[in-house]
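Shown below: input29.pdb, with PDB, N, CA and C atoms.
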MODEL        1
ATOM      1  N   MET A1415      47.985 -61.700-181.680
ATOM      2  CA  MET A1415      48.966 -61.894-180.622
ATOM      3  C   MET A1415      50.236 -61.148-181.010
ATOM      4  N   THR A1416      50.823 -60.498-180.020
ATOM      5  CA  THR A1416      52.086 -59.800-180.216
ATOM      6  C   THR A1416      53.184 -60.566-179.487
ATOM      7  N   TRP A1417      54.339 -60.705-180.150
ATOM      8  CA  TRP A1417      55.468 -61.429-179.566
ATOM      9  C   TRP A1417      56.504 -60.440-179.063
ATOM     10  N   TYR A1418      56.997 -60.675-177.845
ATOM     11  CA  TYR A1418      57.980 -59.809-177.206
ATOM     12  C   TYR A1418      59.207 -60.629-176.843
ATOM     13  N   LYS A1419      60.376 -60.079-177.146
ATOM     14  CA  LYS A1419      61.618 -60.744-176.750
ATOM     15  C   LYS A1419      61.818 -60.558-175.254
ATOM     16  N   ILE A1420      62.063 -61.669-174.544
ATOM     17  CA  ILE A1420      62.265 -61.593-173.090
ATOM     18  C   ILE A1420      63.705 -61.907-172.670
ATOM     19  N   ALA A1421      64.468 -62.545-173.544
ATOM     20  CA  ALA A1421      65.851 -62.890-173.193
ATOM     21  C   ALA A1421      66.585 -63.359-174.442
ATOM     22  N   ASP A1422      67.900 -63.278-174.377
ATOM     23  CA  ASP A1422      68.714 -63.837-175.464
ATOM     24  C   ASP A1422      68.712 -65.359-175.406
ATOM     25  N   ASN A1423      68.732 -65.897-174.168
ATOM     26  CA  ASN A1423      68.698 -67.344-173.948
ATOM     27  C   ASN A1423      68.334 -67.606-172.489
ATOM     28  N   ILE A1424      68.136 -68.856-172.136
ATOM     29  CA  ILE A1424      67.729 -69.209-170.770
ATOM     30  C   ILE A1424      68.782 -68.780-169.749
ATOM     31  N   GLN A1425      70.054 -68.848-170.113
ATOM     32  CA  GLN A1425      71.125 -68.523-169.174
ATOM     33  C   GLN A1425      71.125 -67.047-168.767
ATOM     34  N   THR A1426      70.487 -66.183-169.534
ATOM     35  CA  THR A1426      70.467 -64.756-169.196
ATOM     36  C   THR A1426      69.317 -64.387-168.261
ATOM     37  N   LEU A1427      68.459 -65.338-167.933
ATOM     38  CA  LEU A1427      67.362 -65.090-166.995
ATOM     39  C   LEU A1427      67.844 -65.343-165.566
ATOM     40  N   SER A1428      67.331 -64.586-164.623
ATOM     41  CA  SER A1428      67.774 -64.674-163.222
ATOM     42  C   SER A1428      66.781 -65.481-162.393
ATOM     43  N   PHE A1429      66.982 -66.788-162.346
ATOM     44  CA  PHE A1429      66.086 -67.660-161.596
ATOM     45  C   PHE A1429      66.470 -67.696-160.122
ATOM     46  N   GLN A1430      65.446 -67.788-159.266
ATOM     47  CA  GLN A1430      65.643 -67.955-157.835
ATOM     48  C   GLN A1430      65.963 -69.433-157.565
ATOM     49  N   GLU A1431      66.201 -69.769-156.320
ATOM     50  CA  GLU A1431      66.494 -71.160-155.941
ATOM     51  C   GLU A1431      65.369 -72.113-156.319
ATOM     52  N   ASN A1432      64.134 -71.601-156.371
ATOM     53  CA  ASN A1432      62.976 -72.442-156.706
ATOM     54  C   ASN A1432      62.757 -72.581-158.213
ATOM     55  N   ASN A1433      63.725 -72.163-159.009
ATOM     56  CA  ASN A1433      63.680 -72.226-160.478
ATOM     57  C   ASN A1433      62.575 -71.376-161.088
ATOM     58  N   MET A1434      62.217 -70.291-160.411
ATOM     59  CA  MET A1434      61.236 -69.357-160.954
ATOM     60  C   MET A1434      61.780 -67.938-160.887
ATOM     61  N   CYS A1435      61.225 -67.085-161.741
ATOM     62  CA  CYS A1435      61.555 -65.668-161.724
ATOM     63  C   CYS A1435      60.364 -64.893-162.275
ATOM     64  N   VAL A1436      60.441 -63.576-162.170
ATOM     65  CA  VAL A1436      59.388 -62.703-162.669
ATOM     66  C   VAL A1436      59.995 -61.767-163.701
ATOM     67  N   ILE A1437      59.270 -61.564-164.793
ATOM     68  CA  ILE A1437      59.694 -60.612-165.812
ATOM     69  C   ILE A1437      58.570 -59.604-166.030
ATOM     70  N   ALA A1438      58.933 -58.443-166.530
ATOM     71  CA  ALA A1438      57.954 -57.418-166.896
ATOM     72  C   ALA A1438      57.930 -57.329-168.416
ATOM     73  N   VAL A1439      56.736 -57.492-168.980
ATOM     74  CA  VAL A1439      56.553 -57.438-170.429
ATOM     75  C   VAL A1439      55.304 -56.617-170.709
ATOM     76  N   ALA A1440      55.444 -55.577-171.503
ATOM     77  CA  ALA A1440      54.301 -54.754-171.908
ATOM     78  C   ALA A1440      53.450 -54.348-170.691
ATOM     79  N   ASP A1441      54.097 -53.821-169.665
ATOM     80  CA  ASP A1441      53.430 -53.374-168.433
ATOM     81  C   ASP A1441      52.706 -54.488-167.691
ATOM     82  N   LYS A1442      53.162 -55.727-167.862
ATOM     83  CA  LYS A1442      52.539 -56.877-167.218
ATOM     84  C   LYS A1442      53.642 -57.699-166.550
ATOM     85  N   LEU A1443      53.393 -58.159-165.322
ATOM     86  CA  LEU A1443      54.324 -59.064-164.654
ATOM     87  C   LEU A1443      53.937 -60.495-164.980
ATOM     88  N   ILE A1444      54.934 -61.303-165.323
ATOM     89  CA  ILE A1444      54.711 -62.695-165.716
ATOM     90  C   ILE A1444      55.739 -63.565-165.002
ATOM     91  N   SER A1445      55.281 -64.709-164.513
ATOM     92  CA  SER A1445      56.173 -65.675-163.869
ATOM     93  C   SER A1445      56.752 -66.614-164.923
ATOM     94  N   LEU A1446      58.022 -66.948-164.741
ATOM     95  CA  LEU A1446      58.680 -67.952-165.569
ATOM     96  C   LEU A1446      59.161 -69.065-164.658
ATOM     97  N   ALA A1447      59.101 -70.282-165.163
ATOM     98  CA  ALA A1447      59.607 -71.431-164.426
ATOM     99  C   ALA A1447      60.482 -72.263-165.357
ATOM    100  N   LEU A1448      61.561 -72.776-164.820
ATOM    101  CA  LEU A1448      62.464 -73.651-165.559
ATOM    102  C   LEU A1448      62.353 -75.050-164.971
ATOM    103  N   MET A1449      61.915 -75.981-165.825
ATOM    104  CA  MET A1449      61.723 -77.361-165.377
ATOM    105  C   MET A1449      62.305 -78.286-166.435
ATOM    106  N   ASN A1450      63.263 -79.113-166.057
ATOM    107  CA  ASN A1450      63.908 -80.049-166.991
ATOM    108  C   ASN A1450      64.415 -79.340-168.242
ATOM    109  N   ASN A1451      65.064 -78.204-168.033
ATOM    110  CA  ASN A1451      65.623 -77.380-169.113
ATOM    111  C   ASN A1451      64.585 -76.847-170.084
ATOM    112  N   GLN A1452      63.337 -76.823-169.669
ATOM    113  CA  GLN A1452      62.261 -76.261-170.484
ATOM    114  C   GLN A1452      61.667 -75.071-169.740
ATOM    115  N   LEU A1453      61.354 -74.019-170.485
ATOM    116  CA  LEU A1453      60.850 -72.789-169.914
ATOM    117  C   LEU A1453      59.334 -72.700-170.065
ATOM    118  N   PHE A1454      58.658 -72.228-169.009
ATOM    119  CA  PHE A1454      57.202 -72.065-169.016
ATOM    120  C   PHE A1454      56.871 -70.664-168.510
ATOM    121  N   ALA A1455      55.785 -70.086-169.039
ATOM    122  CA  ALA A1455      55.352 -68.748-168.638
ATOM    123  C   ALA A1455      53.896 -68.808-168.183
ATOM    124  N   PHE A1456      53.616 -68.123-167.078
ATOM    125  CA  PHE A1456      52.250 -68.128-166.541
ATOM    126  C   PHE A1456      52.029 -66.868-165.707
ATOM    127  N   ALA A1457      50.791 -66.686-165.262
ATOM    128  CA  ALA A1457      50.401 -65.492-164.515
ATOM    129  C   ALA A1457      51.285 -65.267-163.297
ATOM    130  N   HIS A1458      51.460 -64.011-162.961
ATOM    131  CA  HIS A1458      52.262 -63.611-161.805
ATOM    132  C   HIS A1458      51.556 -63.941-160.490
ATOM    133  N   LYS A1459      50.215 -63.828-160.498
ATOM    134  CA  LYS A1459      49.440 -64.044-159.271
ATOM    135  C   LYS A1459      48.482 -65.219-159.419
ATOM    136  N   CYS A1460      48.243 -65.893-158.314
ATOM    137  CA  CYS A1460      47.290 -66.996-158.258
ATOM    138  C   CYS A1460      45.881 -66.457-158.525
ATOM    139  N   PRO A1461      45.081 -67.158-159.331
ATOM    140  CA  PRO A1461      43.724 -66.696-159.621
ATOM    141  C   PRO A1461      42.781 -66.800-158.416
ATOM    142  N   HIS A1462      43.182 -67.475-157.374
ATOM    143  CA  HIS A1462      42.328 -67.616-156.191
ATOM    144  C   HIS A1462      42.431 -66.408-155.263
ATOM    145  N   ALA A1463      43.609 -66.174-154.703
ATOM    146  CA  ALA A1463      43.755 -65.108-153.703
ATOM    147  C   ALA A1463      44.945 -64.193-153.994
ATOM    148  N   SER A1464      45.401 -64.199-155.224
ATOM    149  CA  SER A1464      46.475 -63.301-155.693
ATOM    150  C   SER A1464      47.827 -63.529-155.033
ATOM    151  N   GLY A1465      48.104 -64.746-154.576
ATOM    152  CA  GLY A1465      49.436 -65.058-154.069
ATOM    153  C   GLY A1465      50.456 -64.948-155.187
ATOM    154  N   ILE A1466      51.649 -64.489-154.869
ATOM    155  CA  ILE A1466      52.710 -64.341-155.869
ATOM    156  C   ILE A1466      53.287 -65.725-156.153
ATOM    157  N   LEU A1467      53.011 -66.234-157.337
ATOM    158  CA  LEU A1467      53.362 -67.623-157.651
ATOM    159  C   LEU A1467      54.865 -67.878-157.688
ATOM    160  N   SER A1468      55.654 -66.890-158.080
ATOM    161  CA  SER A1468      57.108 -67.089-158.116
ATOM    162  C   SER A1468      57.697 -67.245-156.716
ATOM    163  N   GLU A1469      56.915 -66.956-155.679
ATOM    164  CA  GLU A1469      57.349 -67.161-154.298
ATOM    165  C   GLU A1469      56.926 -68.539-153.784
ATOM    166  N   GLY A1470      56.263 -69.307-154.646
ATOM    167  CA  GLY A1470      55.808 -70.643-154.289
ATOM    168  C   GLY A1470      56.861 -71.690-154.578
ATOM    169  N   VAL A1471      56.386 -72.891-154.854
ATOM    170  CA  VAL A1471      57.264 -74.042-155.073
ATOM    171  C   VAL A1471      56.856 -74.743-156.353
ATOM    172  N   LEU A1472      57.841 -75.292-157.051
ATOM    173  CA  LEU A1472      57.577 -76.184-158.179
ATOM    174  C   LEU A1472      57.710 -77.613-157.680
ATOM    175  N   ASP A1473      56.678 -78.439-157.912
ATOM    176  CA  ASP A1473      56.821 -79.836-157.499
ATOM    177  C   ASP A1473      57.515 -80.631-158.600
ATOM    178  N   LYS A1474      57.755 -81.899-158.349
ATOM    179  CA  LYS A1474      58.543 -82.728-159.263
ATOM    180  C   LYS A1474      57.869 -83.025-160.586
ATOM    181  N   VAL A1475      56.543 -82.854-160.664
ATOM    182  CA  VAL A1475      55.830 -83.182-161.902
ATOM    183  C   VAL A1475      55.437 -81.957-162.719
ATOM    184  N   GLY A1476      55.842 -80.762-162.279
ATOM    185  CA  GLY A1476      55.578 -79.572-163.068
ATOM    186  C   GLY A1476      54.372 -78.759-162.656
ATOM    187  N   ASN A1477      54.084 -78.745-161.379
ATOM    188  CA  ASN A1477      53.006 -77.905-160.853
ATOM    189  C   ASN A1477      53.611 -76.803-159.998
ATOM    190  N   VAL A1478      53.056 -75.603-160.129
ATOM    191  CA  VAL A1478      53.434 -74.525-159.235
ATOM    192  C   VAL A1478      52.438 -74.537-158.083
ATOM    193  N   ILE A1479      52.965 -74.415-156.867
ATOM    194  CA  ILE A1479      52.132 -74.438-155.670
ATOM    195  C   ILE A1479      52.124 -73.033-155.076
ATOM    196  N   CYS A1480      50.946 -72.459-154.984
ATOM    197  CA  CYS A1480      50.790 -71.100-154.466
ATOM    198  C   CYS A1480      51.215 -71.038-153.001
ATOM    199  N   PRO A1481      51.985 -70.001-152.622
ATOM    200  CA  PRO A1481      52.439 -69.904-151.239
ATOM    201  C   PRO A1481      51.355 -69.487-150.249
ATOM    202  N   VAL A1482      50.202 -69.026-150.726
ATOM    203  CA  VAL A1482      49.165 -68.546-149.818
ATOM    204  C   VAL A1482      48.293 -69.688-149.296
ATOM    205  N   HIS A1483      47.658 -70.442-150.192
ATOM    206  CA  HIS A1483      46.746 -71.505-149.770
ATOM    207  C   HIS A1483      47.124 -72.890-150.301
ATOM    208  N   GLY A1484      48.236 -72.993-151.017
ATOM    209  CA  GLY A1484      48.697 -74.291-151.491
ATOM    210  C   GLY A1484      47.988 -74.828-152.724
ATOM    211  N   TYR A1485      47.245 -73.991-153.429
ATOM    212  CA  TYR A1485      46.600 -74.455-154.660
ATOM    213  C   TYR A1485      47.680 -74.804-155.680
ATOM    214  N   LYS A1486      47.447 -75.884-156.438
ATOM    215  CA  LYS A1486      48.421 -76.361-157.422
ATOM    216  C   LYS A1486      47.905 -76.148-158.834
ATOM    217  N   PHE A1487      48.814 -75.696-159.698
ATOM    218  CA  PHE A1487      48.486 -75.472-161.100
ATOM    219  C   PHE A1487      49.578 -76.063-161.981
ATOM    220  N   CYS A1488      49.178 -76.725-163.053
ATOM    221  CA  CYS A1488      50.122 -77.259-164.036
ATOM    222  C   CYS A1488      50.732 -76.094-164.808
ATOM    223  N   ILE A1489      52.052 -76.013-164.838
ATOM    224  CA  ILE A1489      52.699 -74.903-165.531
ATOM    225  C   ILE A1489      52.643 -75.057-167.053
ATOM    226  N   LYS A1490      52.280 -76.235-167.538
ATOM    227  CA  LYS A1490      52.180 -76.455-168.982
ATOM    228  C   LYS A1490      50.873 -75.935-169.562
ATOM    229  N   ASN A1491      49.757 -76.123-168.823
ATOM    230  CA  ASN A1491      48.450 -75.756-169.386
ATOM    231  C   ASN A1491      47.575 -74.939-168.438
ATOM    232  N   GLY A1492      48.021 -74.673-167.224
ATOM    233  CA  GLY A1492      47.285 -73.853-166.277
ATOM    234  C   GLY A1492      46.194 -74.570-165.506
ATOM    235  N   ARG A1493      46.040 -75.855-165.741
ATOM    236  CA  ARG A1493      44.972 -76.625-165.079
ATOM    237  C   ARG A1493      45.177 -76.659-163.570
ATOM    238  N   ASN A1494      44.086 -76.466-162.831
ATOM    239  CA  ASN A1494      44.108 -76.517-161.366
ATOM    240  C   ASN A1494      44.146 -77.987-160.938
ATOM    241  N   ILE A1495      45.264 -78.438-160.415
ATOM    242  CA  ILE A1495      45.490 -79.836-160.056
ATOM    243  C   ILE A1495      44.868 -80.193-158.712
ATOM    244  N   SER A1496      44.752 -79.217-157.811
ATOM    245  CA  SER A1496      44.253 -79.512-156.468
ATOM    246  C   SER A1496      42.734 -79.492-156.378
ATOM    247  N   GLY A1497      42.039 -79.239-157.490
ATOM    248  CA  GLY A1497      40.602 -79.452-157.560
ATOM    249  C   GLY A1497      39.686 -78.302-157.209
ATOM    250  N   GLU A1498      40.202 -77.098-157.051
ATOM    251  CA  GLU A1498      39.338 -75.984-156.673
ATOM    252  C   GLU A1498      38.597 -75.350-157.850
ATOM    253  N   GLY A1499      38.982 -75.670-159.076
ATOM    254  CA  GLY A1499      38.256 -75.182-160.240
ATOM    255  C   GLY A1499      38.789 -73.908-160.871
ATOM    256  N   TYR A1500      39.882 -73.387-160.386
ATOM    257  CA  TYR A1500      40.473 -72.188-160.978
ATOM    258  C   TYR A1500      41.328 -72.563-162.175
ATOM    259  N   GLN A1501      41.603 -71.602-163.042
ATOM    260  CA  GLN A1501      42.469 -71.812-164.201
ATOM    261  C   GLN A1501      43.570 -70.763-164.162
ATOM    262  N   LEU A1502      44.803 -71.193-164.295
ATOM    263  CA  LEU A1502      45.951 -70.292-164.315
ATOM    264  C   LEU A1502      46.237 -69.894-165.756
ATOM    265  N   LYS A1503      46.377 -68.606-165.998
ATOM    266  CA  LYS A1503      46.708 -68.113-167.341
ATOM    267  C   LYS A1503      48.137 -68.521-167.678
ATOM    268  N   THR A1504      48.311 -69.138-168.838
ATOM    269  CA  THR A1504      49.643 -69.488-169.330
ATOM    270  C   THR A1504      49.900 -68.731-170.626
ATOM    271  N   TYR A1505      51.172 -68.608-170.983
ATOM    272  CA  TYR A1505      51.558 -67.845-172.171
ATOM    273  C   TYR A1505      52.487 -68.689-173.040
ATOM    274  N   PRO A1506      52.334 -68.577-174.363
ATOM    275  CA  PRO A1506      53.220 -69.329-175.255
ATOM    276  C   PRO A1506      54.612 -68.695-175.312
ATOM    277  N   LEU A1507      55.605 -69.544-175.453
ATOM    278  CA  LEU A1507      56.987 -69.111-175.613
ATOM    279  C   LEU A1507      57.538 -69.691-176.901
ATOM    280  N   GLU A1508      58.403 -68.930-177.553
ATOM    281  CA  GLU A1508      59.097 -69.423-178.746
ATOM    282  C   GLU A1508      60.584 -69.175-178.584
ATOM    283  N   HIS A1509      61.369 -70.203-178.876
ATOM    284  CA  HIS A1509      62.823 -70.078-178.898
ATOM    285  C   HIS A1509      63.217 -69.866-180.347
ATOM    286  N   ARG A1510      63.755 -68.695-180.626
ATOM    287  CA  ARG A1510      64.177 -68.328-181.991
ATOM    288  C   ARG A1510      65.682 -68.110-182.001
ATOM    289  N   GLU A1511      66.232 -67.993-183.197
ATOM    290  CA  GLU A1511      67.675 -67.730-183.308
ATOM    291  C   GLU A1511      68.068 -66.429-182.626
ATOM    292  N   THR A1512      67.133 -65.481-182.571
ATOM    293  CA  THR A1512      67.435 -64.170-181.994
ATOM    294  C   THR A1512      67.093 -64.076-180.520
ATOM    295  N   GLY A1513      66.535 -65.133-179.910
ATOM    296  CA  GLY A1513      66.231 -65.103-178.497
ATOM    297  C   GLY A1513      64.955 -65.843-178.136
ATOM    298  N   ILE A1514      64.487 -65.599-176.918
ATOM    299  CA  ILE A1514      63.270 -66.209-176.407
ATOM    300  C   ILE A1514      62.165 -65.157-176.444
ATOM    301  N   PHE A1515      61.011 -65.534-176.996
ATOM    302  CA  PHE A1515      59.895 -64.603-177.161
ATOM    303  C   PHE A1515      58.657 -65.156-176.462
ATOM    304  N   ILE A1516      57.842 -64.226-175.935
ATOM    305  CA  ILE A1516      56.577 -64.583-175.309
ATOM    306  C   ILE A1516      55.448 -63.942-176.095
ATOM    307  N   GLY A1517      54.357 -64.675-176.236
ATOM    308  CA  GLY A1517      53.185 -64.166-176.957
ATOM    309  C   GLY A1517      52.129 -63.656-175.988
ATOM    310  N   LEU A1518      51.714 -62.413-176.183
ATOM    311  CA  LEU A1518      50.665 -61.801-175.360
ATOM    312  C   LEU A1518      49.548 -61.312-176.271
TER     313      LEU A1518
ENDMDL
END

Show how you would write the structure in this file as structure tokens.
Amino acid sequence: MTWYKIADNIQTLSFQENNMCVIAVADKLISLALMNNQLFAFAHKCPHASGILSEGVLDKVGNVICPVHGYKFCIKNGRNISGEGYQLKTYPLEHRETGIFIGL
């Protein structure tokens, strides 16, 4: 696994009103979500129909809801909450003294 610095701190990331944003890392787009002051990283597109997840909604318990068909995925582990059987790719994050890093 290779670790890439994505930000100096959470405050330097540009979140939308829905507490999500998209970053580009190693030629890959990745969605970030901020929930209860904790940062999560997951795939840019829904594994079902490729909906852009950062354009969706975060519910109160930490699920991202795809804007295309409403499929729900846990942002902590990628589990499909709405029961369709898909798995959302998630990525590890590390907060270090020098910034926030993502593992790919």

Given the file above and the PyMOL selection byres ((chain A and resi 1490) around 7), which residues are selected, and can you give them as an mmCIF file with N, CA and C atoms, in the frame of the given file?
data_model
loop_
_atom_site.group_PDB
_atom_site.id
_atom_site.type_symbol
_atom_site.label_atom_id
_atom_site.label_comp_id
_atom_site.auth_asym_id
_atom_site.auth_seq_id
_atom_site.Cartn_x
_atom_site.Cartn_y
_atom_site.Cartn_z
ATOM 1 N N PHE A 1454 58.658 -72.228 -169.009
ATOM 2 C CA PHE A 1454 57.202 -72.065 -169.016
ATOM 3 C C PHE A 1454 56.871 -70.664 -168.510
ATOM 4 N N GLY A 1476 55.842 -80.762 -162.279
ATOM 5 C CA GLY A 1476 55.578 -79.572 -163.068
ATOM 6 C C GLY A 1476 54.372 -78.759 -162.656
ATOM 7 N N ASN A 1477 54.084 -78.745 -161.379
ATOM 8 C CA ASN A 1477 53.006 -77.905 -160.853
ATOM 9 C C ASN A 1477 53.611 -76.803 -159.998
ATOM 10 N N PHE A 1487 48.814 -75.696 -159.698
ATOM 11 C CA PHE A 1487 48.486 -75.472 -161.100
ATOM 12 C C PHE A 1487 49.578 -76.063 -161.981
ATOM 13 N N CYS A 1488 49.178 -76.725 -163.053
ATOM 14 C CA CYS A 1488 50.122 -77.259 -164.036
ATOM 15 C C CYS A 1488 50.732 -76.094 -164.808
ATOM 16 N N ILE A 1489 52.052 -76.013 -164.838
ATOM 17 C CA ILE A 1489 52.699 -74.903 -165.531
ATOM 18 C C ILE A 1489 52.643 -75.057 -167.053
ATOM 19 N N ASN A 1491 49.757 -76.123 -168.823
ATOM 20 C CA ASN A 1491 48.450 -75.756 -169.386
ATOM 21 C C ASN A 1491 47.575 -74.939 -168.438
ATOM 22 N N GLY A 1492 48.021 -74.673 -167.224
ATOM 23 C CA GLY A 1492 47.285 -73.853 -166.277
ATOM 24 C C GLY A 1492 46.194 -74.570 -165.506
ATOM 25 N N ARG A 1493 46.040 -75.855 -165.741
ATOM 26 C CA ARG A 1493 44.972 -76.625 -165.079
ATOM 27 C C ARG A 1493 45.177 -76.659 -163.570
ATOM 28 N N THR A 1504 48.311 -69.138 -168.838
ATOM 29 C CA THR A 1504 49.643 -69.488 -169.330
ATOM 30 C C THR A 1504 49.900 -68.731 -170.626
#

Exercise for the section: Could you find all residues in chain A that DSSP calls strand (DSSP E or B) from the backbone, and write them as a PyMOL selection string? Expected result: chain A and resi 1417-1421+1434-1439+1442-1449+1452-1457+1459+1466+1471-1472+1477-1479+1486-1488+1493-1494+1501+1504-1505+1507-1510+1513-1517

Problem - Explicit residue set for the PyMOL selection byres ((chain A and resi 1501-1503) around 5), as a PyMOL selection string - result: chain A and resi 1456-1457+1492+1499-1500+1504-1505

Handout entry: Selection: 8 Å around Val1439 in chain A, only N, CA and C atoms, excl. self and same-chain fewer than 6 positions, as a PyMOL selection string
Key = chain A and resi 1418-1420

Exercise for the section: Tell me which protein, DNA and RNA residues are within 7 Å of range 1470-1475 of chain A, counting only N, CA and C atoms, leaving out same-chain ones fewer than 5 positions away, and put them as a list in words. Expected result: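 Result of the neighbour search: Asn1432, Asn1433, Cys1480, Pro1481 and Val1482 of chain A.
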
Care to translate the PyMOL selection byres (((chain A and resi 1518 and name CA) around 9) and name CA) into actual residues of this file, as a PDB file with N, CA and C atoms, keeping the file's coordinate frame?
ATOM      1  N   MET A1415      47.985 -61.700-181.680  1.00  0.00           N
ATOM      2  CA  MET A1415      48.966 -61.894-180.622  1.00  0.00           C
ATOM      3  C   MET A1415      50.236 -61.148-181.010  1.00  0.00           C
ATOM      4  N   THR A1416      50.823 -60.498-180.020  1.00  0.00           N
ATOM      5  CA  THR A1416      52.086 -59.800-180.216  1.00  0.00           C
ATOM      6  C   THR A1416      53.184 -60.566-179.487  1.00  0.00           C
ATOM      7  N   TRP A1417      54.339 -60.705-180.150  1.00  0.00           N
ATOM      8  CA  TRP A1417      55.468 -61.429-179.566  1.00  0.00           C
ATOM      9  C   TRP A1417      56.504 -60.440-179.063  1.00  0.00           C
ATOM     10  N   TYR A1418      56.997 -60.675-177.845  1.00  0.00           N
ATOM     11  CA  TYR A1418      57.980 -59.809-177.206  1.00  0.00           C
ATOM     12  C   TYR A1418      59.207 -60.629-176.843  1.00  0.00           C
ATOM     13  N   VAL A1439      56.736 -57.492-168.980  1.00  0.00           N
ATOM     14  CA  VAL A1439      56.553 -57.438-170.429  1.00  0.00           C
ATOM     15  C   VAL A1439      55.304 -56.617-170.709  1.00  0.00           C
ATOM     16  N   ALA A1440      55.444 -55.577-171.503  1.00  0.00           N
ATOM     17  CA  ALA A1440      54.301 -54.754-171.908  1.00  0.00           C
ATOM     18  C   ALA A1440      53.450 -54.348-170.691  1.00  0.00           C
ATOM     19  N   TYR A1505      51.172 -68.608-170.983  1.00  0.00           N
ATOM     20  CA  TYR A1505      51.558 -67.845-172.171  1.00  0.00           C
ATOM     21  C   TYR A1505      52.487 -68.689-173.040  1.00  0.00           C
ATOM     22  N   PRO A1506      52.334 -68.577-174.363  1.00  0.00           N
ATOM     23  CA  PRO A1506      53.220 -69.329-175.255  1.00  0.00           C
ATOM     24  C   PRO A1506      54.612 -68.695-175.312  1.00  0.00           C
ATOM     25  N   ILE A1516      57.842 -64.226-175.935  1.00  0.00           N
ATOM     26  CA  ILE A1516      56.577 -64.583-175.309  1.00  0.00           C
ATOM     27  C   ILE A1516      55.448 -63.942-176.095  1.00  0.00           C
ATOM     28  N   GLY A1517      54.357 -64.675-176.236  1.00  0.00           N
ATOM     29  CA  GLY A1517      53.185 -64.166-176.957  1.00  0.00           C
ATOM     30  C   GLY A1517      52.129 -63.656-175.988  1.00  0.00           C
TER      31      GLY A1517
END

Exercise for the section: Just give me the gap between atom C of Asn1451 in chain A and atom C of Ser1496 in chain A in Å, one decimal is fine. Expected result: 25.9 Å

Exercise for the section: Report the distance between atom N of Leu1446 in chain A and atom C of Ile1479 in chain A in Å, rounded to one decimal place. Expected result: 12.9 Å

Exercise for the section: For CA of Gln1425 in chain A and CA of Asp1441 in chain A, quote the distance in Å rounded to one decimal. Expected result: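 Taking CA of Gln1425 in chain A and CA of Asp1441 in chain A, their separation equals 23.3 Å.
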
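Shortest separation to Leu1427 in chain A among A:Ile1466, A:Leu1448, A:Ile1495, A:Val1478 occurs at residue A:Leu1448, atoms counted being only C-alpha atoms.
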
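Across A:Ala1463, A:Asn1423, A:His1509, A:Ser1468, the tightest approach to Ile1437 in chain A is made by A:Ser1468 when counting only C-alpha atoms.
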
Problem - Residues near Gly1513 in chain A, cut-off 6 Å, only C-alpha atoms, skip fewer than 3 positions along chain, as a PyMOL selection string - result: chain A and resi 1421-1423+1510

Output as JSON the centre and edge lengths (Å, one decimal) of the box along x, y and z of the file that holds every listed atom of range 1471-1481 of chain A after adding 8 Å on each side.
{"center_x": 54.7, "center_y": -76.3, "center_z": -156.7, "size_x": 23.8, "size_y": 29.7, "size_z": 28.8}

Handout entry: Counting all atoms listed in the file, the residue of A:Phe1515, A:Gly1465, A:Phe1429, A:Leu1507 that sits nearest His1483 in chain A
Key =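 Among the listed residues, the smallest separation from His1483 in chain A belongs to A:Gly1465.
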
Practice task
Could you tell me, as a count of residues only, which residues of chain A DSSP assigns to helix (DSSP H, G or I) when given the backbone?
Solution key: 6

Save range 1457-1467 of chain A from what I just supplied, as an mmCIF file, in the first residue's frame, atoms limited to N, CA and C atoms.
data_model
loop_
_atom_site.group_PDB
_atom_site.id
_atom_site.type_symbol
_atom_site.label_atom_id
_atom_site.label_comp_id
_atom_site.auth_asym_id
_atom_site.auth_seq_id
_atom_site.Cartn_x
_atom_site.Cartn_y
_atom_site.Cartn_z
ATOM 1 N N ALA A 1457 -15.140 5.122 -2.595
ATOM 2 C CA ALA A 1457 -15.185 5.240 -4.051
ATOM 3 C C ALA A 1457 -15.963 6.467 -4.501
ATOM 4 N N HIS A 1458 -15.553 7.005 -5.626
ATOM 5 C CA HIS A 1458 -16.198 8.176 -6.218
ATOM 6 C C HIS A 1458 -17.569 7.829 -6.798
ATOM 7 N N LYS A 1459 -17.685 6.604 -7.341
ATOM 8 C CA LYS A 1459 -18.931 6.193 -7.997
ATOM 9 C C LYS A 1459 -19.562 4.999 -7.291
ATOM 10 N N CYS A 1460 -20.877 4.951 -7.334
ATOM 11 C CA CYS A 1460 -21.640 3.837 -6.780
ATOM 12 C C CYS A 1460 -21.322 2.566 -7.575
ATOM 13 N N PRO A 1461 -21.130 1.432 -6.898
ATOM 14 C CA PRO A 1461 -20.827 0.186 -7.601
ATOM 15 C C PRO A 1461 -22.018 -0.364 -8.395
ATOM 16 N N HIS A 1462 -23.194 0.165 -8.191
ATOM 17 C CA HIS A 1462 -24.374 -0.316 -8.914
ATOM 18 C C HIS A 1462 -24.494 0.315 -10.298
ATOM 19 N N ALA A 1463 -24.678 1.628 -10.351
ATOM 20 C CA ALA A 1463 -24.928 2.289 -11.638
ATOM 21 C C ALA A 1463 -24.037 3.513 -11.849
ATOM 22 N N SER A 1464 -22.949 3.578 -11.118
ATOM 23 C CA SER A 1464 -21.933 4.638 -11.271
ATOM 24 C C SER A 1464 -22.421 6.039 -10.933
ATOM 25 N N GLY A 1465 -23.412 6.163 -10.056
ATOM 26 C CA GLY A 1465 -23.820 7.482 -9.584
ATOM 27 C C GLY A 1465 -22.688 8.130 -8.810
ATOM 28 N N ILE A 1466 -22.548 9.434 -8.929
ATOM 29 C CA ILE A 1466 -21.488 10.163 -8.226
ATOM 30 C C ILE A 1466 -21.907 10.313 -6.766
ATOM 31 N N LEU A 1467 -21.225 9.599 -5.894
ATOM 32 C CA LEU A 1467 -21.652 9.529 -4.492
ATOM 33 C C LEU A 1467 -21.552 10.860 -3.757
#
